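Engineer: Before we start, here is the structure in question, set down as structure tokens.
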Amino acid sequence: MKTPTRAFHPTTWPIAAKLAALLLLFSLLPMLVASSYTLKGSLASLEATEHRNLQQLAASLAGRLDQLILDSQHFLVYMAVHEAVTKLIVDANPANRLAVETELGKIANSNSDIELLMVLNDKGNVIVASHPQFLGRDFHFRDYFKQAIGGSLYISDIEVGAVTRQPGVFFSAPIPNPEGRTAGVAVLKLRGEAVTGILQSARSSSSRYAFLTNREGMLVYHPDDKLLYRSLTKLPPPVEQRIVKERQFMLDRIESLNLTDLARAMVPASQPGSVAYFSPYSGQPEIAGYAPARHRWVVGVNEPQAVFAAPLNRLSWHVVLGVLGIGALCILAAFGLSRLLMRPVHSLAHAAEAMRAGDYEQAKALPYWQDEMGSLANTFNDMVRSVQERERERDIFGRVVSPEVREKLLSGEVKLGGESLKVTVLFSDIRDFSTLSEQMTPEQVVSFLNEYLSEMAEAVKPWGGYINNFIGDAIVVIFGAPIAAPGREWAAVAAAFDMRDRLGKLNDLREMRGEIRLESGIGISTGEVIAGQVGSMDRFLYTVIGDAVNVAARLEALTKELRRDILINPSTFEGIRYRPEAQVEGMGQHKLKGRREAIEVYSVSRAS
């Protein structure tokens, strides 16, 4: 039974009790998360409401612009069919001209939104104007004349006048003669202030403002003159060239504001909407409500997100600061407890790091306490000693056997002294290697062999081949030992195919380097062998001994004589004869060196 002193000492508590204490101290975290979630939801709701407000305001402004445009157009049509104007078109005598000039002057003086009224004959010459400086000017090249003389009504974008240098909107309507044919054009220029005045009414503060773009993404109105007549995003070169050529804004080039998100939303808009974007000019996130007008414009109402979010953000900070203040007190208490808890954890972590680095002398965890952590430290130390012993054994075996055989020896699967197995042996050799090596330095020979043998080893690896030996430029690969392989014949042939493919790629690389191409032969033989450890007490070697090895080597030598890349013996042929991937050709019987009886030899290649 624990004494009262030990019961109240944290070092004697179970890990569960320590974790419970930490969880209790950090119970304020859910409160902070819940508050944050609630405030975030409120901010999202407030932002959605503001999006709707801006969208509705933009739609209202667009409606007022539509009404202004419609009223101006109706007035111009009325003027174009006025009796005095139609008389003037038929007979431009001084009396008729005076009557129209008087009427136009009255209209212009009574309507401050109208900047200019003109009557043009069928040649595009101004015969009557509300401002004398326009009399006699030729405007046949202007779009408003071309459209109206063809019998159609015309409304322009906001343009800067070539004479007055003031922005405005041009309207034109055909003037019919008594026969009903178009004989002239009536032109009205609406002041830019008539449009901008409507937009300026949306400015309730220094942060909210309205702006206007056309369908090409040009800012035709903005309260900041530095941004006026610039495009929201980069215009296509043909569009920019047309605007500059037509002198619509009296500019030699159109600069882009790089507001891509805003342009994507507003330029193609067919319905009111809203968009959030980052403004590089204010350096903060902003939102804009927009609505298309019936004419060629889109009205936007803009406001920084910080304006409507500021009160809620202040409330958020108050909540956060309050929770953090309480949490700070808990953290101070948790800090002292965590130091006690983490001492054995740190010791265990340092020991594990030393173990990973192979420093088993330093891989020792200190059991500070007599609880679960102390028991874990003792168990870890036992594990380190076991792993250290295991590594020592693996190191010993690694010095005397190959890695594949080492694992089988450690698991007790390989018999010392040898066992009879049926395997497939692949023997590959470079043709005329002696001639090639005479032309290279020893260093070049080693580099050349490393490159070649690496490629061949990579070709064998996927097929489970055990590379038994490298003999100069020759490779001896065993399939079926020390790891059993039921499809050993096909694995050997498939590996040979891959070796040929890799040799082809290597030859392409050698040609690029100005080196000659290599040729090799491959012999494959299947048969019974003795597989096991051969050598002395100081050094063992896992190898196979038997006729199959000799036959594979002789078949490789025969490839040069028969001018075939891969030759196999009958046993290998029986193992692959039904493989659709392989194409086999009988080469007849041949007597191999070192053998009394001739054997049937087959050539194998990939099926086309």
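Order determines the names: the first chain of the structure tokens is A, the second B, and so forth; residues in each chain are numbered 1 upward, and ligands are numbered 1 upward as they are shown.
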So that I can check the surroundings of Ala598 in chain A, please list as a ChimeraX atom specification every protein, DNA and RNA residue that reaches within 12 Å of it, counting only C-alpha atoms and ignoring chain neighbours fewer than 4 positions away.

Structural biologist: /A:551,554-555,569-570,588-594

Engineer: Skipping near chain neighbours, those fewer than 5 positions away, what residues fall within 6 Å of range 186-190 of chain A using only C-alpha atoms, listed as number ranges by chain?

Structural biologist: A: 80, 113-119, 168-173

Engineer: Taking into account only C-alpha atoms, which residue in the set A:Ile198, A:Ile243, A:Tyr452, A:Val267 is nearest to Glu216 in chain A?

Structural biologist: A:Val267

Engineer: Taking only C-alpha atoms into account, name the residue in A:Asp429, A:Glu353, A:Glu303, A:Glu159 that is nearest to Val220 in chain A.

Structural biologist: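 Counting only C-alpha atoms, the residue closest to Val220 in chain A is A:Glu159.
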
Engineer: I want to know what sits within 10 Å of Leu257 in chain A, based on only C-alpha atoms, with residues of the same chain fewer than 4 positions away left out; could you give that as a PyMOL selection string?

Structural biologist: chain A and resi 218-219+227+230-234+263+279-281

Engineer: Would you export the selected residues with N, CA, C and O atoms as a tab-separated table (two decimals), in the first residue's frame, please?

Structural biologist:
```tsv
chain	number	residue	atom	x	y	z
A	218	MET	N	-12.73	47.74	-69.33
A	218	MET	CA	-12.13	49.06	-69.12
A	218	MET	C	-12.89	49.79	-68.02
A	218	MET	O	-14.12	49.79	-67.97
A	219	LEU	N	-12.15	50.44	-67.11
A	219	LEU	CA	-12.77	51.28	-66.09
A	219	LEU	C	-13.14	52.61	-66.73
A	219	LEU	O	-12.28	53.47	-66.96
A	227	LEU	N	-6.86	55.55	-61.66
A	227	LEU	CA	-7.28	54.24	-62.16
A	227	LEU	C	-8.22	54.34	-63.35
A	227	LEU	O	-8.56	53.32	-63.96
A	230	ARG	N	-8.26	52.53	-67.31
A	230	ARG	CA	-7.32	51.41	-67.30
A	230	ARG	C	-8.13	50.12	-67.31
A	230	ARG	O	-9.28	50.09	-66.88
A	231	SER	N	-7.55	49.04	-67.79
A	231	SER	CA	-8.28	47.78	-67.90
A	231	SER	C	-8.09	46.96	-66.62
A	231	SER	O	-7.04	47.01	-65.99
A	232	LEU	N	-9.17	46.20	-66.25
A	232	LEU	CA	-9.07	45.35	-65.06
A	232	LEU	C	-7.99	44.30	-65.23
A	232	LEU	O	-7.29	43.96	-64.28
A	233	THR	N	-7.87	43.75	-66.42
A	233	THR	CA	-6.84	42.75	-66.71
A	233	THR	C	-6.30	43.03	-68.10
A	233	THR	O	-6.85	43.86	-68.84
A	234	LYS	N	-5.23	42.38	-68.46
A	234	LYS	CA	-4.56	42.64	-69.73
A	234	LYS	C	-5.50	42.38	-70.91
A	234	LYS	O	-6.09	41.31	-71.03
A	263	ALA	N	-12.09	40.89	-62.90
A	263	ALA	CA	-12.43	40.89	-64.32
A	263	ALA	C	-13.20	39.63	-64.71
A	263	ALA	O	-14.17	39.69	-65.47
A	279	SER	N	-6.98	43.38	-53.46
A	279	SER	CA	-6.60	44.57	-54.23
A	279	SER	C	-5.14	44.91	-53.97
A	279	SER	O	-4.75	45.18	-52.83
A	280	PRO	N	-4.32	44.94	-55.01
A	280	PRO	CA	-2.92	45.34	-54.82
A	280	PRO	C	-2.77	46.82	-54.52
A	280	PRO	O	-1.70	47.27	-54.10
A	281	TYR	N	-3.84	47.60	-54.72
A	281	TYR	CA	-3.74	49.04	-54.50
A	281	TYR	C	-4.04	49.41	-53.06
A	281	TYR	O	-3.39	50.29	-52.48
```
